[in-house]
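Text of input-v2.tsv (TSV, C-alpha atoms) as supplied:
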```
chain	number	residue	atom	x	y	z
L	1	MET	CA	-11.25	-23.50	-14.70
L	2	GLN	CA	-8.62	-21.75	-12.71
L	3	ILE	CA	-8.30	-18.42	-10.99
L	4	VAL	CA	-5.16	-16.29	-11.24
L	5	VAL	CA	-4.00	-14.23	-8.25
L	6	LEU	CA	-1.11	-11.82	-8.75
L	7	ASP	CA	0.31	-9.54	-6.07
L	8	ASP	CA	3.90	-8.75	-5.13
L	9	SER	CA	2.94	-9.11	-1.47
L	10	HIS	CA	2.71	-12.79	-0.58
L	11	ILE	CA	0.74	-11.88	2.55
L	12	GLN	CA	-1.83	-10.08	0.41
L	13	ARG	CA	-2.03	-13.14	-1.91
L	14	ARG	CA	-2.55	-15.36	1.12
L	15	ILE	CA	-5.44	-13.17	2.26
L	16	ILE	CA	-7.05	-13.05	-1.21
L	17	ILE	CA	-6.73	-16.83	-1.64
L	18	LYS	CA	-8.22	-17.41	1.81
L	19	LEU	CA	-11.22	-15.26	0.82
L	20	ILE	CA	-11.60	-17.11	-2.50
L	21	ARG	CA	-11.69	-20.38	-0.58
L	22	GLU	CA	-14.22	-18.94	1.88
L	23	VAL	CA	-16.51	-18.10	-1.04
L	24	GLY	CA	-16.41	-21.79	-1.88
L	25	TYR	CA	-13.97	-22.09	-4.77
L	26	ASN	CA	-11.98	-25.31	-4.48
L	27	ASP	CA	-10.11	-25.65	-7.77
L	28	GLU	CA	-6.45	-24.76	-8.25
L	29	ILE	CA	-5.25	-21.18	-8.07
L	30	ILE	CA	-2.37	-19.86	-10.17
L	31	GLU	CA	-0.21	-17.42	-8.19
L	32	GLY	CA	2.52	-15.00	-9.08
L	33	ASP	CA	4.27	-12.01	-7.54
L	34	ASN	CA	4.37	-10.06	-10.80
L	35	GLY	CA	2.85	-10.11	-14.26
L	36	ARG	CA	5.79	-11.93	-15.86
L	37	GLU	CA	5.54	-14.78	-13.37
L	38	GLY	CA	1.77	-14.81	-13.92
L	39	LEU	CA	2.15	-15.25	-17.68
L	40	ASP	CA	4.78	-17.96	-17.21
L	41	ASN	CA	2.64	-19.89	-14.73
L	42	ILE	CA	-0.48	-19.60	-16.91
L	43	ALA	CA	1.49	-20.94	-19.89
L	44	LYS	CA	2.85	-23.79	-17.77
L	45	GLU	CA	-0.64	-24.83	-16.60
L	46	GLY	CA	-2.30	-24.28	-19.98
L	47	ARG	CA	-5.79	-24.66	-18.50
L	48	ASP	CA	-8.81	-22.41	-18.93
L	49	ILE	CA	-9.05	-19.42	-16.65
L	50	ARG	CA	-12.22	-18.22	-15.01
L	51	LEU	CA	-11.04	-14.96	-13.44
L	52	VAL	CA	-7.92	-12.87	-12.88
L	53	LEU	CA	-7.33	-10.97	-9.65
L	54	CYS	CA	-4.30	-8.74	-9.91
L	55	ASP	CA	-2.50	-5.91	-8.22
L	56	TRP	CA	-1.50	-2.95	-10.40
L	57	ASN	CA	1.91	-1.94	-9.06
L	58	MET	CA	4.19	-4.94	-9.36
L	59	PRO	CA	7.83	-5.26	-10.45
L	60	GLN	CA	8.89	-6.49	-13.91
L	61	LEU	CA	5.42	-6.49	-15.48
L	62	ASN	CA	2.68	-4.53	-13.73
L	63	GLY	CA	-0.98	-5.52	-13.59
L	64	LEU	CA	-2.11	-3.50	-16.61
L	65	GLN	CA	0.84	-4.66	-18.70
L	66	PHE	CA	0.05	-8.23	-17.67
L	67	LEU	CA	-3.61	-7.89	-18.76
L	68	TYR	CA	-2.51	-6.36	-22.05
L	69	GLU	CA	-0.17	-9.31	-22.71
L	70	LEU	CA	-2.75	-11.88	-21.59
L	71	ASN	CA	-5.32	-10.34	-23.92
L	72	LYS	CA	-2.98	-10.95	-26.87
L	73	ILE	CA	-3.35	-14.71	-26.32
L	74	PRO	CA	-6.50	-15.77	-28.25
L	75	LYS	CA	-7.48	-18.35	-25.63
L	76	TYR	CA	-7.56	-15.69	-22.90
L	77	ARG	CA	-8.89	-12.73	-24.86
L	78	GLY	CA	-11.49	-10.71	-22.95
L	79	MET	CA	-10.80	-12.50	-19.68
L	80	PRO	CA	-12.70	-10.87	-16.77
L	81	ALA	CA	-10.25	-9.28	-14.35
L	82	ILE	CA	-10.52	-7.59	-11.00
L	83	MET	CA	-7.85	-5.07	-10.14
L	84	ILE	CA	-6.97	-4.93	-6.44
L	85	THR	CA	-4.79	-1.90	-5.95
L	86	THR	CA	-3.72	1.06	-3.84
L	87	GLU	CA	-4.28	3.32	-6.88
L	88	GLY	CA	-7.46	4.92	-5.61
L	89	THR	CA	-7.83	8.09	-7.69
L	90	THR	CA	-10.51	8.50	-10.38
L	91	ARG	CA	-7.73	9.12	-12.90
L	92	ALA	CA	-6.19	5.73	-12.08
L	93	TYR	CA	-9.54	3.93	-12.39
L	94	ASN	CA	-10.26	5.60	-15.74
L	95	GLU	CA	-6.80	4.70	-17.01
L	96	ALA	CA	-7.23	1.05	-16.01
L	97	LYS	CA	-10.69	0.84	-17.54
L	98	SER	CA	-9.58	2.45	-20.80
L	99	GLN	CA	-6.53	0.21	-21.14
L	100	TYR	CA	-8.36	-2.99	-20.24
L	101	PRO	CA	-12.08	-2.75	-21.12
L	102	TYR	CA	-12.82	-6.22	-19.70
L	103	LEU	CA	-12.16	-5.01	-16.17
L	104	ALA	CA	-14.93	-6.59	-14.13
L	105	GLY	CA	-14.11	-4.90	-10.85
L	106	TYR	CA	-11.79	-2.37	-9.24
L	107	VAL	CA	-11.08	-2.83	-5.55
L	108	VAL	CA	-9.04	-0.20	-3.74
L	109	LYS	CA	-6.85	-1.31	-0.83
L	110	PRO	CA	-7.58	-1.36	2.05
L	111	PHE	CA	-10.64	-3.51	1.41
L	112	THR	CA	-12.88	-5.30	3.84
L	113	HIS	CA	-13.04	-9.07	3.42
L	114	GLU	CA	-16.80	-8.79	2.94
L	115	HIS	CA	-16.37	-6.31	0.08
L	116	LEU	CA	-13.85	-8.44	-1.81
L	117	LYS	CA	-15.97	-11.55	-1.36
L	118	ALA	CA	-19.01	-9.68	-2.71
L	119	VAL	CA	-17.04	-8.57	-5.79
L	120	ILE	CA	-15.52	-11.96	-6.63
L	121	GLY	CA	-18.46	-14.11	-5.53
L	122	PRO	CA	-20.54	-13.88	-8.72
L	123	TYR	CA	-17.55	-14.92	-10.87
L	124	LEU	CA	-16.79	-17.96	-8.74
L	125	HIS	CA	-20.30	-19.32	-8.84
L	126	LEU	CA	-21.02	-18.95	-12.56
L	127	GLN	CA	-20.29	-22.34	-14.06
L	128	ASP	CA	-20.61	-21.22	-17.65
L	129	ILE	CA	-18.81	-17.90	-17.57
L	130	LYS	CA	-17.11	-17.09	-20.85
L	131	PRO	CA	-14.38	-14.61	-21.62
L	132	GLY	CA	-15.69	-11.22	-22.70
L	133	HIS	CA	-19.06	-11.62	-20.94
W	1	MET	CA	11.61	16.54	21.15
W	2	GLU	CA	8.77	19.04	20.96
W	3	LEU	CA	5.26	17.68	21.57
W	4	ILE	CA	2.57	19.04	19.26
W	5	SER	CA	-0.89	19.35	20.77
W	6	ASN	CA	-2.55	21.38	18.02
W	7	LEU	CA	-1.81	20.82	14.32
W	8	LYS	CA	-3.29	24.24	13.53
W	9	GLU	CA	-0.08	25.80	14.83
W	10	LEU	CA	1.79	24.31	11.85
W	11	PRO	CA	2.05	25.75	8.31
W	12	GLU	CA	-0.94	24.74	6.14
W	13	ILE	CA	0.84	22.22	3.89
W	14	GLU	CA	2.36	20.43	6.88
W	15	GLN	CA	-1.07	20.43	8.55
W	16	ASP	CA	-2.58	18.80	5.44
W	17	ILE	CA	0.16	16.18	5.29
W	18	LEU	CA	-0.26	15.25	8.94
W	19	HIS	CA	-4.08	15.24	8.77
W	20	CYS	CA	-3.93	12.93	5.75
W	21	THR	CA	-1.32	10.69	7.40
W	22	GLN	CA	-3.47	10.31	10.49
W	23	LYS	CA	-6.60	9.51	8.50
W	24	CYS	CA	-4.76	6.93	6.40
W	25	VAL	CA	-3.11	5.19	9.35
W	26	GLN	CA	-6.47	5.00	11.12
W	27	ASN	CA	-8.23	3.67	7.98
W	28	ALA	CA	-5.56	1.06	7.27
W	29	CYS	CA	-5.65	-0.19	10.85
W	30	GLN	CA	-9.44	-0.25	10.96
W	31	ILE	CA	-10.22	-1.70	7.51
W	32	MET	CA	-7.16	-3.79	6.75
W	33	CYS	CA	-6.27	-4.98	10.26
W	34	LYS	CA	-9.64	-4.60	12.03
W	35	ILE	CA	-8.02	-2.60	14.80
W	36	ALA	CA	-9.66	0.44	16.36
W	37	LEU	CA	-6.75	2.60	17.51
W	38	ASP	CA	-6.88	4.17	20.97
W	39	PRO	CA	-7.96	7.83	20.81
W	40	GLN	CA	-4.73	8.65	22.66
W	41	LYS	CA	-1.78	9.33	20.34
W	42	GLN	CA	1.45	11.26	20.53
W	43	ILE	CA	2.68	13.73	17.92
W	44	SER	CA	6.07	15.36	18.23
W	45	ARG	CA	8.63	17.22	16.16
W	46	GLN	CA	12.14	15.78	16.16
W	47	GLN	CA	15.40	15.75	14.27
W	48	PHE	CA	16.40	13.04	11.82
W	49	VAL	CA	19.85	11.58	12.26
W	50	VAL	CA	22.00	13.06	9.51
W	51	PHE	CA	25.12	11.33	8.22
W	52	GLN	CA	27.19	12.81	5.41
W	53	ASN	CA	24.34	15.18	4.53
W	54	GLN	CA	21.88	12.33	4.17
W	55	ILE	CA	19.08	11.12	6.38
W	56	ARG	CA	19.57	7.94	8.35
W	57	ILE	CA	16.44	6.07	9.35
W	58	LEU	CA	16.92	4.74	12.86
W	59	LYS	CA	14.15	2.65	14.29
W	60	PRO	CA	13.12	3.16	17.92
W	61	ALA	CA	14.73	0.72	20.34
W	62	ASP	CA	11.52	-1.23	20.94
W	63	CYS	CA	10.76	-1.72	17.24
W	64	ALA	CA	11.70	-4.73	15.15
W	65	PHE	CA	10.47	-3.92	11.64
W	66	THR	CA	10.59	-0.80	9.49
W	67	SER	CA	9.05	0.19	6.17
W	68	VAL	CA	9.89	3.39	4.32
W	69	ILE	CA	8.41	5.14	1.29
W	70	GLU	CA	9.37	8.40	-0.38
W	71	PHE	CA	6.95	10.82	-2.00
W	72	LEU	CA	7.31	13.69	-4.41
W	73	GLY	CA	4.92	16.20	-5.95
W	74	THR	CA	4.01	19.79	-6.58
W	75	HIS	CA	1.21	21.97	-5.26
W	76	SER	CA	-0.13	25.41	-6.05
W	77	ARG	CA	-1.58	27.57	-3.30
W	78	GLN	CA	-2.53	31.24	-3.52
W	79	GLY	CA	-0.59	31.77	-6.74
W	80	GLN	CA	2.57	30.16	-5.38
W	81	ARG	CA	3.90	26.82	-6.60
W	82	TYR	CA	5.63	24.45	-4.17
W	83	LYS	CA	7.71	21.33	-4.58
W	84	ILE	CA	6.91	18.76	-1.91
W	85	GLN	CA	9.40	16.02	-1.20
W	86	GLY	CA	9.17	13.71	1.75
W	87	LEU	CA	9.41	10.33	3.29
W	88	MET	CA	7.23	8.28	5.55
W	89	ALA	CA	8.74	5.59	7.75
W	90	ILE	CA	6.70	3.20	9.83
W	91	TYR	CA	8.18	1.23	12.70
W	92	PHE	CA	6.48	-1.78	14.20
W	93	PRO	CA	7.21	-2.99	17.75
W	94	GLU	CA	7.54	-6.78	17.68
W	95	PRO	CA	4.38	-7.62	19.68
W	96	SER	CA	2.29	-5.37	17.44
W	97	THR	CA	3.18	-7.25	14.26
W	98	ASP	CA	1.36	-10.29	15.59
W	99	THR	CA	-1.72	-8.18	16.39
W	100	LEU	CA	-1.66	-6.55	12.94
W	101	LEU	CA	-1.16	-9.77	10.98
W	102	ARG	CA	-3.87	-11.60	12.90
W	103	GLY	CA	-6.16	-8.62	12.24
W	104	MET	CA	-5.40	-8.96	8.52
W	105	GLY	CA	-6.63	-12.54	8.67
W	106	ILE	CA	-3.25	-14.30	8.70
W	107	THR	CA	-3.45	-17.32	10.92
W	108	GLY	CA	-0.94	-20.08	11.59
W	109	LYS	CA	2.81	-19.87	11.60
W	110	VAL	CA	4.49	-16.73	10.29
W	111	ASP	CA	8.18	-16.07	9.80
W	112	ASP	CA	10.19	-12.86	9.52
W	113	SER	CA	9.63	-12.63	5.77
W	114	ASP	CA	5.84	-12.80	6.31
W	115	ILE	CA	6.05	-10.06	8.94
W	116	MET	CA	8.24	-7.84	6.76
W	117	ASP	CA	5.94	-8.38	3.79
W	118	GLY	CA	2.86	-7.61	5.93
W	119	CYS	CA	4.45	-4.45	7.37
W	120	GLY	CA	5.44	-3.32	3.87
W	121	GLU	CA	1.91	-3.93	2.62
W	122	ILE	CA	0.45	-1.89	5.49
W	123	LEU	CA	2.68	1.05	4.55
W	124	ASN	CA	1.92	0.49	0.86
W	125	VAL	CA	-1.80	0.81	1.62
W	126	ILE	CA	-1.27	3.84	3.86
W	127	ALA	CA	0.82	5.50	1.13
W	128	GLY	CA	-1.78	4.74	-1.55
W	129	GLN	CA	-4.52	6.26	0.61
W	130	PHE	CA	-2.26	9.20	1.40
W	131	LYS	CA	-1.99	9.96	-2.31
W	132	VAL	CA	-5.79	9.88	-2.67
W	133	GLU	CA	-6.39	11.99	0.45
W	134	MET	CA	-3.88	14.61	-0.65
W	135	ALA	CA	-5.50	14.71	-4.12
W	136	ASN	CA	-8.90	15.17	-2.43
W	137	ARG	CA	-7.44	18.21	-0.68
W	138	GLY	CA	-6.46	19.75	-4.02
W	139	TYR	CA	-2.85	18.54	-4.26
W	140	GLU	CA	-1.54	17.32	-7.59
W	141	GLU	CA	-1.08	13.57	-7.66
W	142	LEU	CA	2.01	12.59	-5.65
W	143	MET	CA	4.52	10.06	-6.90
W	144	ILE	CA	5.10	7.37	-4.29
W	145	SER	CA	7.99	4.90	-4.21
W	146	THR	CA	7.54	1.22	-3.46
W	147	PRO	CA	8.23	0.44	0.20
W	148	PHE	CA	11.71	-0.44	1.44
W	149	ASN	CA	11.33	-3.03	4.19
W	150	PHE	CA	13.89	-3.72	6.90
W	151	ASN	CA	14.14	-5.93	9.95
W	152	PHE	CA	17.47	-4.69	11.23
W	153	GLN	CA	18.97	-1.41	12.33
W	154	ILE	CA	18.99	0.50	9.11
W	155	ASP	CA	22.11	1.82	7.56
W	156	GLU	CA	20.15	2.86	4.50
W	157	LEU	CA	20.57	6.52	3.74
W	158	PHE	CA	18.00	8.72	2.08
W	159	ASN	CA	18.96	11.63	-0.05
W	160	TYR	CA	16.65	14.07	1.62
W	161	HIS	CA	17.65	17.49	2.79
W	162	LYS	CA	15.37	18.61	5.55
W	163	THR	CA	16.47	17.27	8.90
W	164	GLU	CA	13.22	17.71	10.77
W	165	LYS	CA	10.54	15.04	11.10
W	166	PHE	CA	7.20	14.56	12.78
W	167	GLU	CA	6.79	11.42	14.84
W	168	LEU	CA	3.32	10.03	15.41
W	169	ILE	CA	2.84	7.19	17.89
W	170	TYR	CA	-0.38	5.17	17.84
W	171	PHE	CA	-1.62	2.94	20.63
W	172	PHE	CA	-3.89	-0.10	20.77
W	173	GLU	CA	-5.27	-1.28	24.10
W	174	GLY	CA	-2.76	0.95	25.86
W	175	ASN	CA	0.32	-0.43	24.07
W	176	LYS	CA	2.38	1.21	21.35
W	177	LEU	CA	1.21	-0.23	18.02
W	178	ILE	CA	2.91	1.80	15.30
W	179	TYR	CA	5.37	4.66	15.07
W	180	VAL	CA	5.06	6.83	11.98
W	181	ASP	CA	7.78	9.30	10.97
W	182	VAL	CA	6.91	11.91	8.38
W	183	GLY	CA	9.63	14.12	6.99
W	184	VAL	CA	8.64	16.76	4.50
W	185	ASP	CA	10.68	19.30	2.61
W	186	ILE	CA	8.59	22.07	1.05
W	187	LYS	CA	10.31	24.45	-1.34
W	188	LYS	CA	8.89	27.39	-3.28
W	189	VAL	CA	9.25	26.93	-7.03
W	190	THR	CA	10.21	30.15	-8.78
```

Using the file provided, produce a representation of the structure as structure tokens.
Amino acid sequence: MQIVVLDDSHIQRRIIIKLIREVGYNDEIIEGDNGREGLDNIAKEGRDIRLVLCDWNMPQLNGLQFLYELNKIPKYRGMPAIMITTEGTTRAYNEAKSQYPYLAGYVVKPFTHEHLKAVIGPYLHLQDIKPGH
Amino acid sequence: MELISNLKELPEIEQDILHCTQKCVQNACQIMCKIALDPQKQISRQQFVVFQNQIRILKPADCAFTSVIEFLGTHSRQGQRYKIQGLMAIYFPEPSTDTLLRGMGITGKVDDSDIMDGCGEILNVIAGQFKVEMANRGYEELMISTPFNFNFQIDELFNYHKTEKFELIYFFEGNKLIYVDVGVDIKKVT
């Protein structure tokens, strides 16, 4: 099962992927610098997904739009997602949560490496995680 | 150039903007780049370079990379409504980009596009925090543009009418780490 990492900053993706590896995840990671590229790459791979980590503000298709589109695909409905974003107001969090109820975490940049690892860790170690749970 | 030793001498909205900027720069450096800035910093008031009634962003001679964002919002204070329009430009001296990227956890070879991306992301994070900090101080939520990133002398012009800016210079281990320019145009809304 794969993990999806979307951020329009390739440096930020590099950091997130490094932390995912440090937590002990060794399978492939699908990357993209916007939601459109994320959807295309997921379709290309066609494999099951364990977790989505995505930025909110991205060109073409932002993080929330991406999750909305992903949720329309039966195979990926209810996929747990962690938003990693600079949108740090309560209003932004409430908007994200109301638009994508399967949000499993909301990490505001800047984040410490320890914090992100603590948020993603449980999802990387569950072997039997299922969408919507 | 006029050095500013006490922010309390400035109008309240400008004080808030500079306080928030300082807090966000410090947080981004500390949390994102694991850098504790030197307590010493320099704040001054200067003029932007104006060309054909528009602002020209000129990086300091010792800086290699620049990121710029624009912000826009409104604020009500004591029964008066204000329109706040501004820009924040961050300039990175070349040696400091290595320090910042290593602090972010980037190891191995980096090229100019990595450095530009990293600098843009630092400003992106500072701008995001700035929006939150300003909201915490009672300002309505600001709109923030995505960062423009440059690694050359900028000819980019910004349609921004106030010619004055504040320049904040931050140091790390005695060396200049980041320059931050904040230009803000505050107008009463009738």

What would the list of residues within 6 Å of (7.8, -11.0, -15.3) (file frame) look like as a compact mmCIF listing (two decimals) with C-alpha atoms, keeping the file's coordinate frame, if all atoms listed in the file are what count?
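Saved the output as selection-v4.txt:
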```txt
# COMPACT_ATOMS: atom_id res chain seq x y z
CA ASN L 34 4.37 -10.06 -10.80
CA GLY L 35 2.85 -10.11 -14.26
CA ARG L 36 5.79 -11.93 -15.86
CA GLU L 37 5.54 -14.78 -13.37
CA GLN L 60 8.89 -6.49 -13.91
CA LEU L 61 5.42 -6.49 -15.48
```

Which residues, protein or nucleic acid, reach to within 9 Å of (-3.3, 0.0, -4.8) in the file's coordinates when using all atoms listed in the file, and can you give that as a list of chain:residue names?
->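 Checked against the point, the hits come out as L:Asp55, L:Trp56, L:Asn57, L:Met83, L:Ile84, L:Thr85, L:Thr86, L:Glu87, L:Gly88, L:Val107, L:Val108, L:Lys109, L:Pro110, W:Asn124, W:Val125, W:Gly128, W:Gln129.
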
Fewer than 4 positions away in the same chain doesn't count, so skip those; otherwise give me all residues within 6 Å of range 45-62 of chain W, counting all atoms listed in the file, as a ChimeraX atom specification.
-> /W:1-2,93,157-159,163-166

Two-atom distance - CA of Val110 in chain W, CA of Phe65 in chain W (Å) | 14.2 Å

For range 66-79 of chain W, please output as number ranges by chain all residues within 7 Å (counting all atoms listed in the file; exclusion window: fewer than 3 positions along the same chain).
-> W: 59, 82-92, 119-120, 123, 139-151

With a distance cut-off of 10 Å and only C-alpha atoms, select the neighbouring residues of Asp114 in chain W, excluding the residue or stretch itself and same-chain residues fewer than 6 positions from it, and output the selection as a PDB file with C-alpha atoms, in the frame of the given file.
```pdb
ATOM      1  CA  SER L   9       2.940  -9.110  -1.470  1.00  0.00           C
ATOM      2  CA  HIS L  10       2.710 -12.790  -0.580  1.00  0.00           C
ATOM      3  CA  ILE L  11       0.740 -11.880   2.550  1.00  0.00           C
TER       4      ILE L  11
ATOM      5  CA  LEU W 101      -1.160  -9.770  10.980  1.00  0.00           C
ATOM      6  CA  ILE W 106      -3.250 -14.300   8.700  1.00  0.00           C
ATOM      7  CA  GLY W 120       5.440  -3.320   3.870  1.00  0.00           C
TER       8      GLY W 120
END
```

Counting all atoms listed in the file, the residue of W:Leu177, W:Ile169, W:Ile31, W:Ala64 that sits nearest chain L |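 The shortest atom-to-atom distance to chain L comes from W:Ile31.
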